[in-house]
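The data block below is model_26.pdb; it holds PDB, C-alpha atoms and all ligand atoms.
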```pdb
ATOM      1  CA  MET A   1       0.000   0.000   0.000  1.00  0.00           C
ATOM      2  CA  LYS A   2       1.258   3.432  -0.905  1.00  0.00           C
ATOM      3  CA  ASN A   3       0.267   6.996   0.009  1.00  0.00           C
ATOM      4  CA  ILE A   4       0.093   8.765  -3.333  1.00  0.00           C
ATOM      5  CA  LEU A   5       0.039  12.561  -3.731  1.00  0.00           C
ATOM      6  CA  ILE A   6      -1.648  13.671  -6.942  1.00  0.00           C
ATOM      7  CA  ASP A   7      -1.753  17.259  -8.218  1.00  0.00           C
ATOM      8  CA  VAL A   8      -4.849  18.758  -9.901  1.00  0.00           C
ATOM      9  CA  ASP A   9      -4.030  21.277 -12.644  1.00  0.00           C
ATOM     10  CA  ASP A  10      -2.334  19.800 -15.698  1.00  0.00           C
ATOM     11  CA  THR A  11      -2.071  16.445 -13.948  1.00  0.00           C
ATOM     12  CA  LEU A  12      -5.800  15.678 -13.678  1.00  0.00           C
ATOM     13  CA  THR A  13      -7.088  18.671 -15.665  1.00  0.00           C
ATOM     14  CA  LYS A  14      -6.125  19.993 -19.069  1.00  0.00           C
ATOM     15  CA  PHE A  15      -5.801  23.341 -17.386  1.00  0.00           C
ATOM     16  CA  LEU A  16      -3.413  25.521 -19.408  1.00  0.00           C
ATOM     17  CA  LYS A  17      -5.226  25.374 -22.740  1.00  0.00           C
ATOM     18  CA  HIS A  18      -8.635  25.827 -21.120  1.00  0.00           C
ATOM     19  CA  ARG A  19      -7.463  28.742 -18.936  1.00  0.00           C
ATOM     20  CA  ASN A  20      -5.613  30.469 -21.772  1.00  0.00           C
ATOM     21  CA  ASN A  21      -8.720  30.441 -23.945  1.00  0.00           C
ATOM     22  CA  LEU A  22     -10.725  31.937 -21.068  1.00  0.00           C
ATOM     23  CA  ILE A  23      -8.131  34.665 -20.426  1.00  0.00           C
ATOM     24  CA  LYS A  24      -7.943  35.625 -24.126  1.00  0.00           C
ATOM     25  CA  LYS A  25     -11.743  35.781 -24.340  1.00  0.00           C
ATOM     26  CA  TYR A  26     -11.957  37.839 -21.108  1.00  0.00           C
ATOM     27  CA  ILE A  27      -9.420  40.414 -22.356  1.00  0.00           C
ATOM     28  CA  LYS A  28     -11.102  40.653 -25.766  1.00  0.00           C
ATOM     29  CA  THR A  29     -14.708  40.832 -24.523  1.00  0.00           C
ATOM     30  CA  LYS A  30     -13.901  43.526 -21.964  1.00  0.00           C
ATOM     31  CA  ASN A  31     -11.580  45.306 -24.406  1.00  0.00           C
ATOM     32  CA  LEU A  32      -8.813  45.438 -21.793  1.00  0.00           C
ATOM     33  CA  PRO A  33      -5.325  46.783 -22.554  1.00  0.00           C
ATOM     34  CA  TYR A  34      -3.418  43.668 -21.411  1.00  0.00           C
ATOM     35  CA  LYS A  35      -1.131  41.546 -23.548  1.00  0.00           C
ATOM     36  CA  ILE A  36      -0.398  37.861 -23.167  1.00  0.00           C
ATOM     37  CA  LEU A  37       3.207  37.510 -21.966  1.00  0.00           C
ATOM     38  CA  ASP A  38       3.718  33.868 -21.055  1.00  0.00           C
ATOM     39  CA  ILE A  39       1.049  31.515 -22.336  1.00  0.00           C
ATOM     40  CA  ASN A  40       2.705  28.433 -20.801  1.00  0.00           C
ATOM     41  CA  CYS A  41       3.017  29.825 -17.281  1.00  0.00           C
ATOM     42  CA  THR A  42       1.009  27.841 -14.732  1.00  0.00           C
ATOM     43  CA  LYS A  43       0.579  30.944 -12.535  1.00  0.00           C
ATOM     44  CA  SER A  44      -2.424  32.897 -13.851  1.00  0.00           C
ATOM     45  CA  ALA A  45      -1.087  36.152 -12.400  1.00  0.00           C
ATOM     46  CA  LYS A  46       1.898  35.948 -14.763  1.00  0.00           C
ATOM     47  CA  VAL A  47       0.170  35.040 -18.027  1.00  0.00           C
ATOM     48  CA  ALA A  48      -0.821  38.580 -18.990  1.00  0.00           C
ATOM     49  CA  ASN A  49       0.690  41.909 -17.994  1.00  0.00           C
ATOM     50  CA  TRP A  50      -2.227  42.454 -15.635  1.00  0.00           C
ATOM     51  CA  PRO A  51      -2.296  43.507 -11.976  1.00  0.00           C
ATOM     52  CA  ILE A  52      -3.231  40.850  -9.429  1.00  0.00           C
ATOM     53  CA  GLU A  53      -6.620  42.618  -8.871  1.00  0.00           C
ATOM     54  CA  GLU A  54      -7.547  41.990 -12.524  1.00  0.00           C
ATOM     55  CA  CYS A  55      -6.462  38.380 -12.250  1.00  0.00           C
ATOM     56  CA  ILE A  56      -8.693  37.980  -9.164  1.00  0.00           C
ATOM     57  CA  ASN A  57     -11.578  39.667 -11.056  1.00  0.00           C
ATOM     58  CA  PHE A  58     -11.086  37.231 -13.897  1.00  0.00           C
ATOM     59  CA  TRP A  59     -11.295  34.179 -11.640  1.00  0.00           C
ATOM     60  CA  GLN A  60     -14.212  35.445  -9.566  1.00  0.00           C
ATOM     61  CA  ASN A  61     -16.328  36.640 -12.500  1.00  0.00           C
ATOM     62  CA  VAL A  62     -15.458  34.216 -15.278  1.00  0.00           C
ATOM     63  CA  GLY A  63     -13.058  31.583 -14.161  1.00  0.00           C
ATOM     64  CA  LYS A  64     -14.630  29.805 -11.220  1.00  0.00           C
ATOM     65  CA  ASN A  65     -17.663  28.430 -13.061  1.00  0.00           C
ATOM     66  CA  ALA A  66     -15.795  27.962 -16.339  1.00  0.00           C
ATOM     67  CA  GLN A  67     -13.188  26.011 -14.413  1.00  0.00           C
ATOM     68  CA  LEU A  68     -15.821  23.382 -13.611  1.00  0.00           C
ATOM     69  CA  LYS A  69     -15.954  22.667 -17.348  1.00  0.00           C
ATOM     70  CA  CYS A  70     -12.194  22.113 -17.548  1.00  0.00           C
ATOM     71  CA  PRO A  71     -11.547  18.799 -19.356  1.00  0.00           C
ATOM     72  CA  THR A  72      -9.852  15.898 -17.578  1.00  0.00           C
ATOM     73  CA  GLN A  73      -6.701  14.135 -18.675  1.00  0.00           C
ATOM     74  CA  LYS A  74      -7.880  10.962 -20.393  1.00  0.00           C
ATOM     75  CA  ASN A  75      -8.204   7.822 -18.206  1.00  0.00           C
ATOM     76  CA  CYS A  76      -7.193   9.524 -14.944  1.00  0.00           C
ATOM     77  CA  ALA A  77     -10.449   8.620 -13.108  1.00  0.00           C
ATOM     78  CA  GLU A  78     -10.175   4.960 -14.110  1.00  0.00           C
ATOM     79  CA  VAL A  79      -6.497   4.635 -13.120  1.00  0.00           C
ATOM     80  CA  ILE A  80      -7.042   6.401  -9.772  1.00  0.00           C
ATOM     81  CA  ASN A  81     -10.011   4.150  -8.987  1.00  0.00           C
ATOM     82  CA  LYS A  82      -7.843   1.088  -9.621  1.00  0.00           C
ATOM     83  CA  LEU A  83      -5.102   2.534  -7.398  1.00  0.00           C
ATOM     84  CA  ARG A  84      -7.605   2.876  -4.549  1.00  0.00           C
ATOM     85  CA  GLU A  85      -9.178  -0.536  -5.154  1.00  0.00           C
ATOM     86  CA  THR A  86      -5.731  -2.100  -4.791  1.00  0.00           C
ATOM     87  CA  GLY A  87      -5.264  -0.530  -1.344  1.00  0.00           C
ATOM     88  CA  ASN A  88      -3.421   2.690  -2.095  1.00  0.00           C
ATOM     89  CA  LYS A  89      -4.416   5.988  -0.462  1.00  0.00           C
ATOM     90  CA  VAL A  90      -4.904   8.958  -2.782  1.00  0.00           C
ATOM     91  CA  PHE A  91      -4.195  12.494  -1.557  1.00  0.00           C
ATOM     92  CA  ILE A  92      -5.301  15.136  -4.064  1.00  0.00           C
ATOM     93  CA  VAL A  93      -3.168  18.215  -3.332  1.00  0.00           C
ATOM     94  CA  THR A  94      -3.459  21.496  -5.236  1.00  0.00           C
ATOM     95  CA  ALA A  95      -1.819  24.913  -5.051  1.00  0.00           C
ATOM     96  CA  ARG A  96      -5.123  26.594  -6.068  1.00  0.00           C
ATOM     97  CA  PRO A  97      -5.459  29.606  -3.769  1.00  0.00           C
ATOM     98  CA  ASP A  98      -8.667  30.889  -2.139  1.00  0.00           C
ATOM     99  CA  ILE A  99      -8.060  34.423  -3.479  1.00  0.00           C
ATOM    100  CA  TYR A 100      -9.275  33.280  -6.937  1.00  0.00           C
ATOM    101  CA  PHE A 101     -12.285  31.250  -5.762  1.00  0.00           C
ATOM    102  CA  GLU A 102     -13.221  28.927  -2.927  1.00  0.00           C
ATOM    103  CA  ALA A 103     -10.549  26.425  -3.834  1.00  0.00           C
ATOM    104  CA  TYR A 104     -11.830  23.474  -1.783  1.00  0.00           C
ATOM    105  CA  LYS A 105     -15.456  23.849  -2.886  1.00  0.00           C
ATOM    106  CA  TYR A 106     -14.759  24.250  -6.605  1.00  0.00           C
ATOM    107  CA  THR A 107     -12.060  21.586  -6.734  1.00  0.00           C
ATOM    108  CA  LYS A 108     -14.335  19.087  -4.939  1.00  0.00           C
ATOM    109  CA  LEU A 109     -17.206  19.891  -7.330  1.00  0.00           C
ATOM    110  CA  TRP A 110     -14.926  19.296 -10.326  1.00  0.00           C
ATOM    111  CA  LEU A 111     -13.589  15.994  -8.914  1.00  0.00           C
ATOM    112  CA  ASP A 112     -17.125  14.750  -8.116  1.00  0.00           C
ATOM    113  CA  LYS A 113     -18.417  15.799 -11.541  1.00  0.00           C
ATOM    114  CA  ASN A 114     -15.677  13.778 -13.205  1.00  0.00           C
ATOM    115  CA  ASN A 115     -15.997  10.721 -10.916  1.00  0.00           C
ATOM    116  CA  ILE A 116     -12.467  11.071  -9.588  1.00  0.00           C
ATOM    117  CA  CYS A 117     -12.338   9.368  -6.181  1.00  0.00           C
ATOM    118  CA  TYR A 118      -9.796  10.123  -3.457  1.00  0.00           C
ATOM    119  CA  ASP A 119      -9.149   9.760   0.250  1.00  0.00           C
ATOM    120  CA  THR A 120      -8.128  13.334   1.099  1.00  0.00           C
ATOM    121  CA  LEU A 121      -8.347  16.695  -0.698  1.00  0.00           C
ATOM    122  CA  ILE A 122      -5.907  19.433   0.351  1.00  0.00           C
ATOM    123  CA  VAL A 123      -5.937  22.914  -1.259  1.00  0.00           C
ATOM    124  CA  GLY A 124      -3.802  26.076  -1.167  1.00  0.00           C
ATOM    125  CA  LYS A 125      -0.436  24.305  -1.031  1.00  0.00           C
ATOM    126  CA  GLN A 126       2.050  26.264  -3.131  1.00  0.00           C
ATOM    127  CA  ASP A 127       4.774  24.321  -1.354  1.00  0.00           C
ATOM    128  CA  LYS A 128       3.810  20.659  -1.036  1.00  0.00           C
ATOM    129  CA  LYS A 129       6.911  19.501   0.854  1.00  0.00           C
ATOM    130  CA  GLN A 130       5.350  19.706   4.338  1.00  0.00           C
ATOM    131  CA  THR A 131       2.233  17.911   3.043  1.00  0.00           C
ATOM    132  CA  MET A 132       4.470  15.078   1.773  1.00  0.00           C
ATOM    133  CA  ILE A 133       6.082  14.729   5.218  1.00  0.00           C
ATOM    134  CA  GLU A 134       2.849  15.026   7.239  1.00  0.00           C
ATOM    135  CA  ASN A 135       1.026  12.403   5.156  1.00  0.00           C
ATOM    136  CA  LYS A 136       3.970  10.008   4.788  1.00  0.00           C
ATOM    137  CA  ILE A 137       3.750  10.219   0.995  1.00  0.00           C
ATOM    138  CA  ASP A 138       5.480   7.419  -0.965  1.00  0.00           C
ATOM    139  CA  LEU A 139       4.833   8.657  -4.499  1.00  0.00           C
ATOM    140  CA  VAL A 140       4.202  12.089  -6.047  1.00  0.00           C
ATOM    141  CA  ILE A 141       2.440  12.666  -9.380  1.00  0.00           C
ATOM    142  CA  ASP A 142       2.656  16.334 -10.471  1.00  0.00           C
ATOM    143  CA  ASP A 143       3.567  18.604 -13.393  1.00  0.00           C
ATOM    144  CA  SER A 144       5.276  21.195 -11.173  1.00  0.00           C
ATOM    145  CA  VAL A 145       9.076  21.215 -11.278  1.00  0.00           C
ATOM    146  CA  SER A 146       9.315  22.655  -7.745  1.00  0.00           C
ATOM    147  CA  THR A 147       7.121  19.840  -6.372  1.00  0.00           C
ATOM    148  CA  ILE A 148       9.233  17.203  -8.141  1.00  0.00           C
ATOM    149  CA  ILE A 149      12.378  18.798  -6.662  1.00  0.00           C
ATOM    150  CA  SER A 150      10.766  18.708  -3.173  1.00  0.00           C
ATOM    151  CA  ALA A 151      10.008  14.996  -3.628  1.00  0.00           C
ATOM    152  CA  GLN A 152      13.589  14.415  -4.760  1.00  0.00           C
ATOM    153  CA  GLU A 153      14.933  16.198  -1.674  1.00  0.00           C
ATOM    154  CA  LEU A 154      12.830  13.912   0.541  1.00  0.00           C
ATOM    155  CA  ASN A 155      13.912  10.833  -1.436  1.00  0.00           C
ATOM    156  CA  ILE A 156      10.323  10.202  -2.546  1.00  0.00           C
ATOM    157  CA  LYS A 157       9.681   8.665  -5.970  1.00  0.00           C
ATOM    158  CA  SER A 158       7.865  10.899  -8.405  1.00  0.00           C
ATOM    159  CA  ILE A 159       6.194  10.989 -11.779  1.00  0.00           C
ATOM    160  CA  ILE A 160       6.264  14.236 -13.757  1.00  0.00           C
ATOM    161  CA  PHE A 161       3.332  14.888 -16.066  1.00  0.00           C
ATOM    162  CA  THR A 162       4.734  16.572 -19.175  1.00  0.00           C
ATOM    163  CA  THR A 163       3.577  20.111 -20.006  1.00  0.00           C
ATOM    164  CA  LYS A 164       4.966  22.802 -22.305  1.00  0.00           C
ATOM    165  CA  GLU A 165       6.256  24.582 -19.198  1.00  0.00           C
ATOM    166  CA  ASN A 166       8.236  21.642 -17.777  1.00  0.00           C
ATOM    167  CA  LYS A 167       9.335  19.785 -20.923  1.00  0.00           C
ATOM    168  CA  LYS A 168      12.938  21.052 -20.732  1.00  0.00           C
ATOM    169  CA  PHE A 169      13.372  20.075 -17.075  1.00  0.00           C
ATOM    170  CA  MET A 170      15.968  17.313 -16.704  1.00  0.00           C
ATOM    171  CA  THR A 171      14.197  14.448 -14.958  1.00  0.00           C
ATOM    172  CA  PRO A 172      16.035  13.507 -11.723  1.00  0.00           C
ATOM    173  CA  VAL A 173      17.006   9.949 -10.736  1.00  0.00           C
ATOM    174  CA  ASN A 174      13.901   9.176  -8.674  1.00  0.00           C
ATOM    175  CA  CYS A 175      11.512  10.597 -11.244  1.00  0.00           C
ATOM    176  CA  THR A 176       9.867   9.252 -14.407  1.00  0.00           C
ATOM    177  CA  ARG A 177       8.412  11.453 -17.128  1.00  0.00           C
ATOM    178  CA  VAL A 178       5.004  10.560 -18.599  1.00  0.00           C
ATOM    179  CA  LYS A 179       2.604  12.073 -21.109  1.00  0.00           C
ATOM    180  CA  ASN A 180      -0.624  10.329 -20.123  1.00  0.00           C
ATOM    181  CA  TRP A 181      -2.378   8.227 -17.473  1.00  0.00           C
ATOM    182  CA  ARG A 182      -1.984   4.962 -19.394  1.00  0.00           C
ATOM    183  CA  GLN A 183       1.785   5.378 -18.982  1.00  0.00           C
ATOM    184  CA  ILE A 184       1.238   5.897 -15.244  1.00  0.00           C
ATOM    185  CA  GLU A 185      -0.900   2.746 -15.143  1.00  0.00           C
ATOM    186  CA  ASN A 186       1.869   0.752 -16.833  1.00  0.00           C
ATOM    187  CA  LEU A 187       4.496   2.127 -14.458  1.00  0.00           C
ATOM    188  CA  LEU A 188       2.545   1.303 -11.303  1.00  0.00           C
ATOM    189  CA  LYS A 189       0.947  -1.983 -12.355  1.00  0.00           C
ATOM    190  CA  TYR A 190      -1.068  -1.680  -9.137  1.00  0.00           C
TER
HETATM  191 MG    MG B   1      -0.208  21.299 -11.715  1.00  0.00          MG
END
```
How would this structure read if it were set down as structure tokens?
Amino acid sequence: MKNILIDVDDTLTKFLKHRNNLIKKYIKTKNLPYKILDINCTKSAKVANWPIEECINFWQNVGKNAQLKCPTQKNCAEVINKLRETGNKVFIVTARPDIYFEAYKYTKLWLDKNNICYDTLIVGKQDKKQTMIENKIDLVIDDSVSTIISAQELNIKSIIFTTKENKKFMTPVNCTRVKNWRQIENLLKY
């Protein structure tokens, strides 16, 4: 039995593409003077040259409900169900902050809507290192380079989910790079 930490955005969701489309539409519809600076950045505050207040406006007025329609990564619900059926504990841990929307409520709604089961949901964790220690995590599945480095520092095995933002990151010894949940299934073999 393993305690498995699984990230949400761009590990379970197809977040970047969905969010970028929403941001572009928001700027265009409201005729705002912002330009897209870094389309691949996972941090919404850094995508456009907008102040944090505008980013918060975006999430509260447009993003929170639209986020519920964010597509899932293919097969993730099925693979996670099998992981739990075979005795593993699943900790869903996201950096999503409450300043954009009620992170716990909206993340739980999205997980339920997409039939993704778990044992524990933890939100607002920009730094997941302490969460790994507190929950005796054995395996980390995430697209964030800083989270993979934290796992490496704690000697915890990890799986990095490939995104445009992390594709140049040199995978460390204890880490395997994947592009989809079928590859994760094959790696874990339950
Ligand atoms: Mg992520």
Residues matched by the PyMOL selection byres (((chain A and resi 68-81) around 6) and not hetatm) as JSON, numbers by chain | {"A": [12, 13, 14, 65, 66, 67, 82, 83, 84, 110, 116, 181]}
Cut-off 10 Å: closest chain A/ligand MG 1 (chain B) atom pairs per residue, using only C-alpha atoms and all ligand atoms, as a Markdown table:
```
| residue | atom | partner | partner_atom | distance |
| --- | --- | --- | --- | --- |
| A:Ile6 | CA | B:MG1 | MG | 9.1 |
| A:Asp7 | CA | B:MG1 | MG | 5.6 |
| A:Val8 | CA | B:MG1 | MG | 5.6 |
| A:Asp9 | CA | B:MG1 | MG | 3.9 |
| A:Asp10 | CA | B:MG1 | MG | 4.8 |
| A:Thr11 | CA | B:MG1 | MG | 5.7 |
| A:Leu12 | CA | B:MG1 | MG | 8.2 |
| A:Thr13 | CA | B:MG1 | MG | 8.4 |
| A:Lys14 | CA | B:MG1 | MG | 9.5 |
| A:Phe15 | CA | B:MG1 | MG | 8.2 |
| A:Leu16 | CA | B:MG1 | MG | 9.3 |
| A:Thr42 | CA | B:MG1 | MG | 7.3 |
| A:Lys43 | CA | B:MG1 | MG | 9.7 |
| A:Val93 | CA | B:MG1 | MG | 9.4 |
| A:Thr94 | CA | B:MG1 | MG | 7.3 |
| A:Ala95 | CA | B:MG1 | MG | 7.8 |
| A:Arg96 | CA | B:MG1 | MG | 9.2 |
| A:Ile141 | CA | B:MG1 | MG | 9.3 |
| A:Asp142 | CA | B:MG1 | MG | 5.9 |
| A:Asp143 | CA | B:MG1 | MG | 4.9 |
| A:Ser144 | CA | B:MG1 | MG | 5.5 |
| A:Val145 | CA | B:MG1 | MG | 9.3 |
| A:Thr147 | CA | B:MG1 | MG | 9.2 |
| A:Ile160 | CA | B:MG1 | MG | 9.8 |
| A:Phe161 | CA | B:MG1 | MG | 8.5 |
| A:Thr163 | CA | B:MG1 | MG | 9.2 |
```
Quick one: which residues end up in the PyMOL selection byres (((chain A and resi 98) around 12) and not hetatm) for this structure, as a list in words?
->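 When the PyMOL selection byres (((chain A and resi 98) around 12) and not hetatm) is applied, the selected residues are Ile56, Trp59, Gln60, Lys64, Thr94, Ala95, Arg96, Pro97, Ile99, Tyr100, Phe101, Glu102, Ala103, Tyr104, Lys105, Tyr106, Thr107, Val123, Gly124, Lys125 and Gln126 of chain A.
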So what does the PyMOL selection byres (((chain A and resi 178) around 7) and not hetatm) actually pick up in this one, as a count of residues only?
-> 10
From the list A:Asn3, A:Thr86, A:Asn186, A:Gln152, which residue is nearest A:Leu139 when using all atoms listed in the file?
->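 Closest to A:Leu139, using all atoms listed in the file: A:Asn3.
Among A:Val173, A:Leu37, A:Met132, A:Ile52, the residue with the shortest atom-to-atom distance to A:Ile4, counting all atoms listed in the file, is A:Met132.
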Rounded to one decimal place, report the atom CA of A:Leu187-atom CA of A:Asp127 distance in Å.
->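 Distance reported for this atom pair: 25.8 Å.
Between atom CA of A:Asn135 and atom CA of A:Ile148 the interatomic distance comes to 16.3 Å.
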